[in-house]
Every structure is written in structure tokens, then in C-alpha cells.
>>> print(open('protein24.cif').read())   # mmCIF, C-alpha atoms and all ligand atoms
data_upload
loop_
_atom_site.label_atom_id
_atom_site.label_comp_id
_atom_site.auth_asym_id
_atom_site.auth_seq_id
_atom_site.Cartn_x
_atom_site.Cartn_y
_atom_site.Cartn_z
CA MET D 7 73.05 50.71 17.54
CA SER D 8 73.71 50.40 21.24
CA PRO D 9 76.17 52.94 22.62
CA ASN D 10 77.45 50.13 24.85
CA PRO D 11 80.46 48.48 23.18
CA ASP D 12 80.05 45.24 25.13
CA PRO D 13 77.08 43.34 23.70
CA LYS D 14 76.99 40.99 26.67
CA SER D 15 76.56 43.73 29.22
CA SER D 16 74.07 45.50 26.94
CA ASP D 17 72.08 42.26 26.73
CA SER D 18 72.04 41.83 30.45
CA ALA D 19 71.02 45.47 30.96
CA LEU D 20 68.23 44.88 28.47
CA ASN D 21 67.16 41.68 30.17
CA ARG D 22 67.13 43.43 33.50
CA ARG D 23 65.07 46.34 32.17
CA SER D 24 62.66 43.96 30.54
CA PHE D 25 62.46 41.92 33.73
CA LEU D 26 61.77 45.07 35.75
CA ALA D 27 59.10 46.16 33.30
CA ARG D 28 57.43 42.80 33.64
CA SER D 29 57.72 42.89 37.40
CA ALA D 30 56.06 46.31 37.38
CA ALA D 31 53.32 44.94 35.16
CA ILE D 32 52.82 42.01 37.48
CA ALA D 33 52.75 44.30 40.52
CA ALA D 34 49.80 46.06 38.88
CA VAL D 35 47.62 42.97 39.27
CA PRO D 36 46.18 41.73 42.57
CA ALA D 37 48.42 39.65 44.78
CA VAL D 38 47.20 36.28 43.67
CA ALA D 39 49.67 34.42 45.81
CA THR D 40 47.71 35.45 48.89
CA LEU D 41 45.11 32.94 47.69
CA ALA D 42 47.62 30.23 48.45
CA GLY D 43 46.75 30.73 52.12
CA GLY D 44 49.73 32.26 53.86
CA ALA D 45 52.33 30.63 51.67
CA LEU D 46 54.02 34.02 51.48
CA ALA D 47 54.38 34.47 55.22
CA GLU D 48 58.01 33.45 54.71
CA PRO D 49 60.09 35.56 52.30
CA ALA D 50 60.15 33.90 48.86
CA SER D 51 63.28 32.11 47.76
CA ALA D 52 63.93 31.28 44.12
CA ASP D 53 65.22 27.89 45.26
CA THR D 54 61.93 26.80 46.79
CA LEU D 55 59.46 28.35 44.33
CA PRO D 56 57.61 25.77 42.22
CA ASP D 57 58.65 24.93 38.67
CA TYR D 58 56.27 25.15 35.71
CA ALA D 59 56.38 23.83 32.17
CA PRO D 60 58.39 25.93 29.71
CA ILE D 61 56.49 28.53 27.67
CA PRO D 62 55.90 27.26 24.12
CA PRO D 63 57.86 29.41 21.63
CA SER D 64 54.57 30.01 19.74
CA ALA D 65 53.31 32.06 22.71
CA LEU D 66 56.20 34.48 22.64
CA GLY D 67 56.36 37.56 20.45
CA PRO D 68 59.16 39.75 19.17
CA ALA D 69 61.91 40.84 21.58
CA VAL D 70 61.53 44.23 23.22
CA ASN D 71 64.14 46.92 22.57
CA ALA D 72 66.56 48.53 25.03
CA GLN D 73 63.79 50.79 26.34
CA GLY D 74 61.63 47.74 27.07
CA TYR D 75 59.05 47.92 24.28
CA PHE D 76 58.36 46.56 20.82
CA VAL D 77 56.34 48.50 18.24
CA GLY D 78 55.18 46.88 15.02
CA ARG D 79 52.77 47.36 12.16
CA VAL D 80 49.48 45.49 12.38
CA GLU D 81 48.28 46.57 8.95
CA LYS D 82 48.86 49.79 6.99
CA ASN D 83 48.89 52.72 9.43
CA LEU D 84 47.69 50.68 12.44
CA TYR D 85 50.45 49.77 14.91
CA TRP D 86 50.71 47.87 18.18
CA VAL D 87 53.04 48.31 21.15
CA THR D 88 53.90 45.72 23.77
CA ASP D 89 56.20 45.37 26.76
CA GLY D 90 55.71 41.59 26.66
CA ALA D 91 52.88 41.64 29.22
CA TYR D 92 50.60 44.49 28.08
CA GLN D 93 49.54 45.86 24.70
CA ALA D 94 48.26 49.12 23.25
CA ALA D 95 47.60 50.16 19.64
CA PHE D 96 47.69 53.38 17.65
CA LEU D 97 46.57 54.66 14.30
CA THR D 98 48.51 57.40 12.55
CA THR D 99 46.30 59.78 10.56
CA ARG D 100 46.87 62.98 8.59
CA ASP D 101 45.45 64.90 11.58
CA GLY D 102 47.35 63.20 14.41
CA VAL D 103 47.46 59.92 16.28
CA VAL D 104 44.59 57.92 17.78
CA LEU D 105 45.80 55.83 20.72
CA PHE D 106 43.93 52.76 22.00
CA ASP D 107 44.59 52.17 25.71
CA ALA D 108 47.54 53.45 27.71
CA PRO D 109 48.83 50.71 30.02
CA PRO D 110 50.98 52.27 32.76
CA SER D 111 53.49 49.41 32.44
CA ILE D 112 54.28 50.70 28.91
CA GLY D 113 53.93 54.28 30.19
CA HIS D 114 56.26 56.79 28.53
CA ASN D 115 57.28 54.14 26.00
CA LEU D 116 53.91 54.73 24.30
CA GLN D 117 54.99 58.18 23.11
CA ARG D 118 58.48 56.83 22.29
CA ALA D 119 56.92 54.16 20.08
CA ILE D 120 54.66 56.74 18.41
CA ASP D 121 57.61 59.12 17.89
CA GLN D 122 59.59 56.33 16.27
CA ILE D 123 56.84 55.38 13.80
CA ALA D 124 55.86 58.98 13.07
CA ALA D 125 59.48 59.88 12.30
CA GLU D 126 59.88 56.84 10.02
CA ASN D 127 56.74 57.78 8.09
CA GLY D 128 56.94 61.55 8.22
CA VAL D 129 53.56 61.96 9.94
CA SER D 130 52.37 63.78 13.04
CA ASN D 131 53.30 62.22 16.40
CA LYS D 132 50.67 64.21 18.31
CA VAL D 133 48.12 62.04 20.12
CA THR D 134 44.76 63.75 19.54
CA HIS D 135 42.40 60.94 20.60
CA LEU D 136 42.62 58.23 23.25
CA VAL D 137 40.13 55.36 23.20
CA TYR D 138 39.54 53.35 26.38
CA SER D 139 38.87 49.61 25.97
CA HIS D 140 37.54 49.50 29.55
CA HIS D 141 38.06 51.32 32.84
CA HIS D 142 40.71 49.09 34.45
CA ALA D 143 43.82 50.91 35.68
CA ASP D 144 46.23 48.33 34.30
CA HIS D 145 45.10 49.20 30.75
CA ILE D 146 44.47 52.95 30.91
CA GLY D 147 46.45 54.09 33.97
CA GLY D 148 48.86 55.92 31.62
CA SER D 149 46.05 58.11 30.24
CA SER D 150 46.98 61.29 32.12
CA LEU D 151 50.44 61.24 30.49
CA PHE D 152 48.71 62.58 27.38
CA GLY D 153 47.50 65.71 29.11
CA THR D 154 44.22 67.57 28.87
CA ASP D 155 44.41 68.41 25.16
CA VAL D 156 43.29 64.95 24.04
CA VAL D 157 39.78 63.72 23.25
CA ARG D 158 39.11 60.64 25.35
CA ILE D 159 36.45 58.20 24.19
CA GLY D 160 34.84 55.36 26.13
CA GLN D 161 31.65 53.45 26.74
CA VAL D 162 29.15 55.27 28.96
CA GLN D 163 29.69 52.87 31.87
CA ALA D 164 33.44 53.49 31.67
CA LYS D 165 32.65 57.12 32.36
CA GLN D 166 30.41 56.23 35.32
CA LEU D 167 32.95 53.83 36.78
CA LEU D 168 35.86 56.24 36.31
CA ALA D 169 33.86 59.08 37.83
CA SER D 170 33.28 57.03 40.97
CA GLU D 171 36.85 55.71 41.08
CA ASN D 172 38.16 59.30 40.83
CA ASP D 173 41.71 58.38 39.82
CA PRO D 174 43.68 61.35 38.42
CA ALA D 175 45.68 58.90 36.27
CA ARG D 176 42.48 57.99 34.40
CA PRO D 177 40.50 61.09 33.34
CA VAL D 178 36.86 60.37 32.45
CA PRO D 179 36.07 60.14 28.73
CA ASP D 180 34.90 63.33 26.98
CA VAL D 181 32.94 61.37 24.39
CA THR D 182 30.83 58.38 25.37
CA PHE D 183 28.60 55.92 23.57
CA GLU D 184 26.07 53.36 24.72
CA THR D 185 26.11 50.70 22.03
CA LYS D 186 27.88 52.11 18.96
CA HIS D 187 30.19 54.90 17.92
CA THR D 188 32.09 55.46 14.71
CA LEU D 189 35.24 57.47 15.23
CA ASN D 190 36.35 59.43 12.18
CA VAL D 191 39.76 61.07 12.48
CA GLY D 192 41.97 62.29 9.64
CA GLY D 193 40.24 60.18 7.02
CA GLU D 194 40.34 56.99 9.13
CA ARG D 195 37.42 55.19 10.71
CA VAL D 196 37.14 52.97 13.75
CA ASN D 197 33.95 51.32 14.97
CA LEU D 198 33.44 51.08 18.71
CA ALA D 199 30.71 48.83 20.05
CA TRP D 200 29.30 47.54 23.29
CA HIS D 201 27.65 44.11 23.17
CA GLY D 202 26.83 43.61 26.86
CA THR D 203 28.97 42.96 29.92
CA ASN D 204 31.79 40.46 29.87
CA HIS D 205 35.16 41.05 31.57
CA THR D 206 33.74 44.33 32.93
CA PRO D 207 30.41 46.09 32.40
CA ASP D 208 32.03 48.60 30.00
CA ASN D 209 34.36 46.42 27.92
CA SER D 210 34.20 47.51 24.28
CA TYR D 211 34.84 45.96 20.87
CA ILE D 212 37.18 48.14 18.82
CA HIS D 213 36.94 47.23 15.14
CA PHE D 214 39.20 48.60 12.41
CA PRO D 215 37.24 47.76 9.24
CA ASP D 216 39.94 49.14 6.95
CA HIS D 217 42.76 47.31 8.77
CA ASP D 218 41.26 43.78 9.18
CA THR D 219 41.71 44.07 12.94
CA LEU D 220 39.68 43.64 16.12
CA MET D 221 40.81 44.83 19.54
CA LEU D 222 39.03 43.32 22.55
CA VAL D 223 40.89 43.41 25.82
CA ASP D 224 41.08 40.88 28.67
CA ILE D 225 38.96 38.21 26.99
CA PHE D 226 41.26 36.11 24.86
CA LEU D 227 45.03 36.38 25.24
CA PRO D 228 46.52 34.79 22.12
CA ARG D 229 48.35 31.53 22.86
CA TRP D 230 48.14 32.01 26.64
CA VAL D 231 45.58 30.67 29.06
CA PRO D 232 43.56 33.40 30.80
CA PHE D 233 45.06 35.23 33.78
CA ASP D 234 44.05 34.03 37.26
CA SER D 235 40.44 32.95 37.81
CA PHE D 236 39.39 33.34 34.16
CA ASN D 237 40.88 36.84 33.75
CA LEU D 238 39.01 37.96 36.90
CA ASN D 239 36.01 38.32 34.61
CA GLU D 240 33.10 39.97 36.36
CA ASP D 241 30.52 38.29 34.11
CA VAL D 242 31.60 34.73 33.38
CA PRO D 243 28.75 33.76 30.97
CA GLY D 244 29.24 37.09 29.14
CA SER D 245 32.97 36.41 28.87
CA ILE D 246 32.42 32.85 27.61
CA ALA D 247 30.08 34.24 24.92
CA ALA D 248 32.34 37.15 23.88
CA PRO D 249 34.58 35.22 21.45
CA ASP D 250 31.51 34.27 19.36
CA THR D 251 30.62 37.95 19.12
CA ALA D 252 34.23 38.72 18.23
CA MET D 253 34.27 36.03 15.53
CA ALA D 254 31.17 37.56 13.92
CA TYR D 255 33.32 40.55 12.93
CA PRO D 256 35.53 40.34 9.85
CA TRP D 257 39.19 40.48 10.93
CA LYS D 258 42.54 38.81 10.43
CA HIS D 259 44.53 40.40 13.28
CA PHE D 260 43.51 40.40 16.94
CA ILE D 261 44.79 42.68 19.70
CA GLY D 262 43.96 41.15 23.09
CA GLY D 263 45.64 43.70 25.37
CA HIS D 264 48.04 41.18 26.87
CA MET D 265 51.31 39.36 26.32
CA GLY D 266 53.77 39.68 23.50
CA ARG D 267 51.95 38.74 20.33
CA LEU D 268 48.90 39.39 18.20
CA GLY D 269 46.27 36.72 17.57
CA THR D 270 44.69 35.04 14.56
CA ARG D 271 41.24 33.58 14.07
CA ALA D 272 42.73 30.10 14.48
CA ASP D 273 44.17 31.18 17.85
CA MET D 274 40.72 32.29 18.96
CA VAL D 275 39.16 28.97 17.88
CA LEU D 276 41.83 27.17 19.91
CA TYR D 277 41.01 29.33 22.93
CA GLN D 278 37.28 28.60 22.56
CA GLN D 279 38.05 24.88 22.47
CA TYR D 280 40.05 25.26 25.70
CA VAL D 281 37.13 26.96 27.45
CA ASN D 282 34.68 24.38 26.09
CA ASP D 283 36.92 21.58 27.37
CA ILE D 284 36.86 23.16 30.84
CA ILE D 285 33.05 23.47 30.72
CA ASP D 286 32.70 19.82 29.64
CA GLY D 287 35.12 18.75 32.38
CA VAL D 288 33.22 20.68 35.05
CA LYS D 289 29.87 19.17 34.04
CA LYS D 290 31.37 15.69 34.06
CA ALA D 291 33.03 16.30 37.44
CA LEU D 292 29.81 17.59 39.01
CA GLY D 293 28.12 14.36 37.98
CA THR D 294 30.99 12.16 39.14
CA VAL D 295 32.70 13.46 42.28
CA ASP D 296 30.70 12.29 45.29
CA PRO D 297 30.35 15.03 47.95
CA THR D 298 29.35 12.56 50.71
CA PRO D 299 32.81 11.78 52.14
CA PHE D 300 33.66 15.49 52.42
CA PHE D 301 30.59 16.26 54.49
CA ALA D 302 31.04 13.06 56.54
CA LYS D 303 34.59 14.10 57.40
CA TYR D 304 34.01 17.77 58.27
CA GLY D 305 30.62 17.63 60.04
CA ASN D 306 29.47 21.09 61.01
CA ASN D 307 32.44 22.78 59.33
CA VAL D 308 30.47 23.28 56.15
CA TRP D 309 33.12 25.55 54.60
CA ALA D 310 35.84 22.90 55.01
CA ALA D 311 33.59 20.32 53.33
CA ALA D 312 32.70 22.74 50.51
CA GLN D 313 36.32 23.76 49.98
CA GLN D 314 37.60 20.21 49.78
CA TYR D 315 34.69 18.98 47.65
CA LEU D 316 35.03 21.87 45.15
CA ALA D 317 38.81 21.40 45.07
CA ALA D 318 38.21 17.77 44.14
CA VAL D 319 35.77 18.83 41.40
CA VAL D 320 38.32 21.34 40.06
CA ALA D 321 41.08 18.73 40.08
CA TYR D 322 38.86 16.21 38.27
CA ALA D 323 37.77 18.75 35.65
CA SER D 324 41.05 20.57 35.07
CA GLY D 325 43.52 17.65 35.13
CA PRO D 326 42.80 16.40 31.58
CA VAL D 327 42.60 19.98 30.25
CA ILE D 328 46.02 20.85 31.65
CA LYS D 329 47.45 17.69 30.10
CA LYS D 330 45.86 18.42 26.71
CA TYR D 331 47.03 22.05 26.51
CA LEU D 332 50.54 21.82 28.01
CA GLY D 333 52.89 22.95 25.25
CA VAL D 334 49.94 24.39 23.30
CA LEU D 335 48.71 27.29 25.45
CA ALA D 336 51.30 28.98 27.65
CA ALA D 337 50.93 28.59 31.42
CA ALA D 338 48.22 25.92 31.18
CA ASP D 339 49.70 24.42 34.36
CA VAL D 340 49.68 27.80 36.14
CA TYR D 341 46.14 29.09 35.81
CA THR D 342 43.85 26.36 34.41
CA ALA D 343 42.76 25.26 37.89
CA SER D 344 41.76 28.77 39.03
CA THR D 345 39.92 29.40 35.77
CA THR D 346 38.17 26.05 36.19
CA PHE D 347 37.02 27.14 39.65
CA ALA D 348 35.59 30.42 38.24
CA ILE D 349 33.78 28.53 35.48
CA LEU D 350 32.60 25.84 37.92
CA GLU D 351 31.02 28.46 40.18
CA SER D 352 29.35 30.15 37.21
CA ILE D 353 27.97 26.83 35.96
CA ARG D 354 26.56 26.11 39.43
CA LEU D 355 25.32 29.60 40.28
CA ASP D 356 24.53 31.33 36.97
CA LEU D 357 23.28 28.29 35.06
CA GLY D 358 21.97 26.27 38.04
CA PHE D 359 23.68 23.15 36.75
CA GLY D 360 23.58 20.33 39.33
CA SER D 361 21.30 22.35 41.60
CA GLN D 362 19.02 20.11 43.65
CA VAL D 363 15.87 21.04 45.57
CA HIS D 364 15.49 19.39 48.96
CA PRO D 365 12.79 16.70 48.68
ZN ZN D 401 40.64 44.46 32.77
#
>>> encode(input="protein24.cif", output="C-alpha cells")
Amino acid sequence: MSPNPDPKSSDSALNRRSFLARSAAIAAVPAVATLAGGALAEPASADTLPDYAPIPPSALGPAVNAQGYFVGRVEKNLYWVTDGAYQAAFLTTRDGVVLFDAPPSIGHNLQRAIDQIAAENGVSNKVTHLVYSHHHADHIGGSSLFGTDVVRIGQVQAKQLLASENDPARPVPDVTFETKHTLNVGGERVNLAWHGTNHTPDNSYIHFPDHDTLMLVDIFLPRWVPFDSFNLNEDVPGSIAAPDTAMAYPWKHFIGGHMGRLGTRADMVLYQQYVNDIIDGVKKALGTVDPTPFFAKYGNNVWAAAQQYLAAVVAYASGPVIKKYLGVLAAADVYTASTTFAILESIRLDLGFGSQVHP
């Protein structure tokens, strides 16, 4: 239905728009490359950037449209929207639309997706409620697009965090809950719950009991390894435990907030196995890699010794995991090492594993 008669040029325009949307999404996350230690002092050149393994087709979702989004049915009147990097969801009801998250990378395409579905089904396209999964700007930074005439709902700590962050793009929730809240709108029900800190202190479980669906953002990204350093999770043990809590709910469809596809229970089991393999690798590495040569080499430069020793532990622990999951989980070769470092530090510091008291 493209007005452009030349499909090739329409394809390339689409690819470019989709590329730009992804670039914008990527720009919304911290500049990870700075961790590489000045590697970006020189302007990047595509010729010298490293190569990574191809993304397994199973990790990719449906193609986005000319506007740069895909909207699809999850089950019945529950829908999801993605730009390939971020996800939101919405429920159409007889009294209006309930939106779950508003990633700025999807931005105005959220209302376009809602308009499209509402028109197809002859229902209201008016967003009346907006539920926040958690306070992070990359997931709710499009909130203010929906104006002041919307009821915003979030966990009580989301309200506290947003009040202190004072970002006009993310108005504080009008309705808050501490541990549980059932949202009833237009004959539909959604159960919101807080089960302790994980990715952030306010991250909430959004369960759709009548749609066989769970939404839990920034914990498990179906068929992809976590984003840098274990999704930048603030509470690593809480984040490792979260999938068990998620699995205790009845659901068939999972909305993880990221990338281009939904998840299944089998996907979540696979992800749990990946994390368990990293934990096993770290424990083995801590018992195997000898720190002595690192401290002998660097003397009073304790940080150099620590950096090189921990890098050796990460390499020992993550190497077999990367090999096992290449072709299974997307970007296993990109982020497994940084996630292994985050889990290693949690195992040492939160669990006290390998901690020794001076004799
Ligand atoms: Zn987040």
C-alpha cells in the first residue's frame, strides 16, 4: 500500500527509518563503549569495528512497517507494539485504552498503533490509563505524550523516584500501590504486583489473567542475552530470582519490554539455564584461577592486579557459556562477559562466595 511506486526505494527508506529508530533507541542507553577505555577517542569506522556472530533468526520478530513499528495481537483484546528494540502493550476496553509503558523510541507510533487497532475493531482509541512497569526513562519517557487527562498507575517507589527525578516527560503516577493492585477498566482486569527489588526497586509484575500473559520489563529478553552488565540490574540477586517468581504465575505469552518478539515459558527456562551456567562458571573460576601471579606482577598497584585477575575469572567463566549459547541466544558473544562480571561481583559481594578472613 506504499505510495512509492518503486519497491526498492521504499524498502531502503524503510530500512533507513528502522535503522534510525534503532539508533535512537540505542542512544537512550548509557554509552557502554566508554567502558572499553578510550577506544572511542578516534572516530568510529565501520571498517575497523569488530564483527560478531549473526543473530539467530529465532531471536528476530516480525518486520516493522513504514512508520517503524509493528503492532500485533497477544491474545484477544491485548496487543503489543515494538520498534524492534523496545516494547509496549495495550488493552482495548469498552471504556478506552489501557497502555502499558510508553518507550520514547516508539513515541508517537504508540498512538498510531492504537489508532490502527481501534479502527480495525471499531473501539475507542482514547488512552485513559497508563501503567508504568518501572521508572526508567527508556520505558516511560513517552508518557507526557498522553497529556494530563490520563490516569497513571505505578508502584509507590516509582512515584518517589519520579518525584525526585523531576522529568516533565515522565509525570508521577496518580495511583500507586505497595504490593498489589487490581486495575479494573471497561470490564477488563489486570493484576499489578511488586515482589521486591530486582532490576530497579520499583519494577512491577503486570499479569493479565484473562489473556494468559505476563509483562515484566528488563529481566528476561526473549531469545536475547541481557543488555550490558546483566541489564544494569540494580539488585543482582533479586534479578536472578525474578524469573522463578514470574514462572509461578500462569501465562503463555511474555512481554519483556525489549527486542522484537514475545516470549514463551520455554524461552524463560532457556534464559534461566543461561544464568545458571554463568553462576556455575563463576564459582568454578573463583576456585580455579590463581590470583598470585597478578599480585606478583603489579605490586602496589592493587587495582591493576584486581582488574587483570577479575578479567581472567570472567574469561574462564564466560568462555564456555558463550560457546554453548552462540546461535541459541542472540548476542551471546556481545554481552555475556559483562553480565558474567556483574554476576561475579554479586557472588563475591552479596553472597560472600570465596571470601577469606585473614588468618
Ligand atoms: Zn529499566
>>> closest_atom_pairs(input="protein24.cif", of="region 69-145 of chain D", to="region 264-283 of chain D", cutoff="6 Å", atoms="all atoms listed in the file", output="CSV")
residue,atom,partner,partner_atom,distance
D:Gly90,CA,D:Gly266,CA,4.2
D:Ala91,CA,D:Met265,CA,4.0
D:Tyr92,CA,D:His264,CA,4.4
D:Gln93,CA,D:His264,CA,5.4
>>> residues_near_ligand(input="protein24.cif", ligand="ligand ZN 401 (chain D)", cutoff="8 Å", atoms="only C-alpha atoms and all ligand atoms", output="list in words")
His140, His141, His142, Ala143, Asp144, His145, His205, Thr206, Val223, Asp224, Asn237, Leu238 and Asn239 of chain D
>>> residues_around(input="protein24.cif", residues="Pro232 (chain D)", least_positions_apart="6", cutoff="8 Å", atoms="all atoms listed in the file", output="MDAnalysis selection string")
chainID D and resid 225:226 341:342 345
>>> atom_distance(input="protein24.cif", atom1="CA of Phe236 (chain D)", atom2="CA of Leu222 (chain D)")
15.3 Å
>>> residues_around(input="protein24.cif", residues="Ile146 (chain D)", least_positions_apart="5", cutoff="9 Å", atoms="only C-alpha atoms", output="ChimeraX atom specification")
/D:106-110,138-141,175-176
>>> write_last_selection(input="protein24.cif", atoms="C-alpha atoms", output="PDB file, in the frame of the given file")
ATOM      1  CA  PHE D 106      43.930  52.760  22.000  1.00  0.00           C
ATOM      2  CA  ASP D 107      44.590  52.170  25.710  1.00  0.00           C
ATOM      3  CA  ALA D 108      47.540  53.450  27.710  1.00  0.00           C
ATOM      4  CA  PRO D 109      48.830  50.710  30.020  1.00  0.00           C
ATOM      5  CA  PRO D 110      50.980  52.270  32.760  1.00  0.00           C
ATOM      6  CA  TYR D 138      39.540  53.350  26.380  1.00  0.00           C
ATOM      7  CA  SER D 139      38.870  49.610  25.970  1.00  0.00           C
ATOM      8  CA  HIS D 140      37.540  49.500  29.550  1.00  0.00           C
ATOM      9  CA  HIS D 141      38.060  51.320  32.840  1.00  0.00           C
ATOM     10  CA  ALA D 175      45.680  58.900  36.270  1.00  0.00           C
ATOM     11  CA  ARG D 176      42.480  57.990  34.400  1.00  0.00           C
TER      12      ARG D 176
END
>>> residues_around(input="protein24.cif", residues="Val157 (chain D)", least_positions_apart="6", cutoff="9 Å", atoms="only C-alpha atoms", output="list in words")
Thr134, His135, Leu136, Val137, Pro179, Asp180 and Val181 of chain D
>>> residues_around(input="protein24.cif", residues="Thr99 (chain D)", least_positions_apart="3", cutoff="7 Å", atoms="all atoms listed in the file", output="PyMOL selection string")
chain D and resi 102-103+191-192+194
>>> write_last_selection(input="protein24.cif", atoms="C-alpha atoms", output="compact mmCIF listing (two decimals), in the coordinates of the input")
# COMPACT_ATOMS: atom_id res chain seq x y z
CA GLY D 102 47.35 63.20 14.41
CA VAL D 103 47.46 59.92 16.28
CA VAL D 191 39.76 61.07 12.48
CA GLY D 192 41.97 62.29 9.64
CA GLU D 194 40.34 56.99 9.13
>>> residues_around(input="protein24.cif", residues="region 316-323 of chain D", least_positions_apart="2", cutoff="7 Å", atoms="only C-alpha atoms", output="PyMOL selection string")
chain D and resi 284+287-288+291-292+295+312-314+325-326+343+346-347
>>> closest_residue(input="protein24.cif", among="D:Val129, D:Thr54, D:Asp101, D:Ile285", to="Ala348 (chain D)", atoms="all atoms listed in the file")
D:Ile285
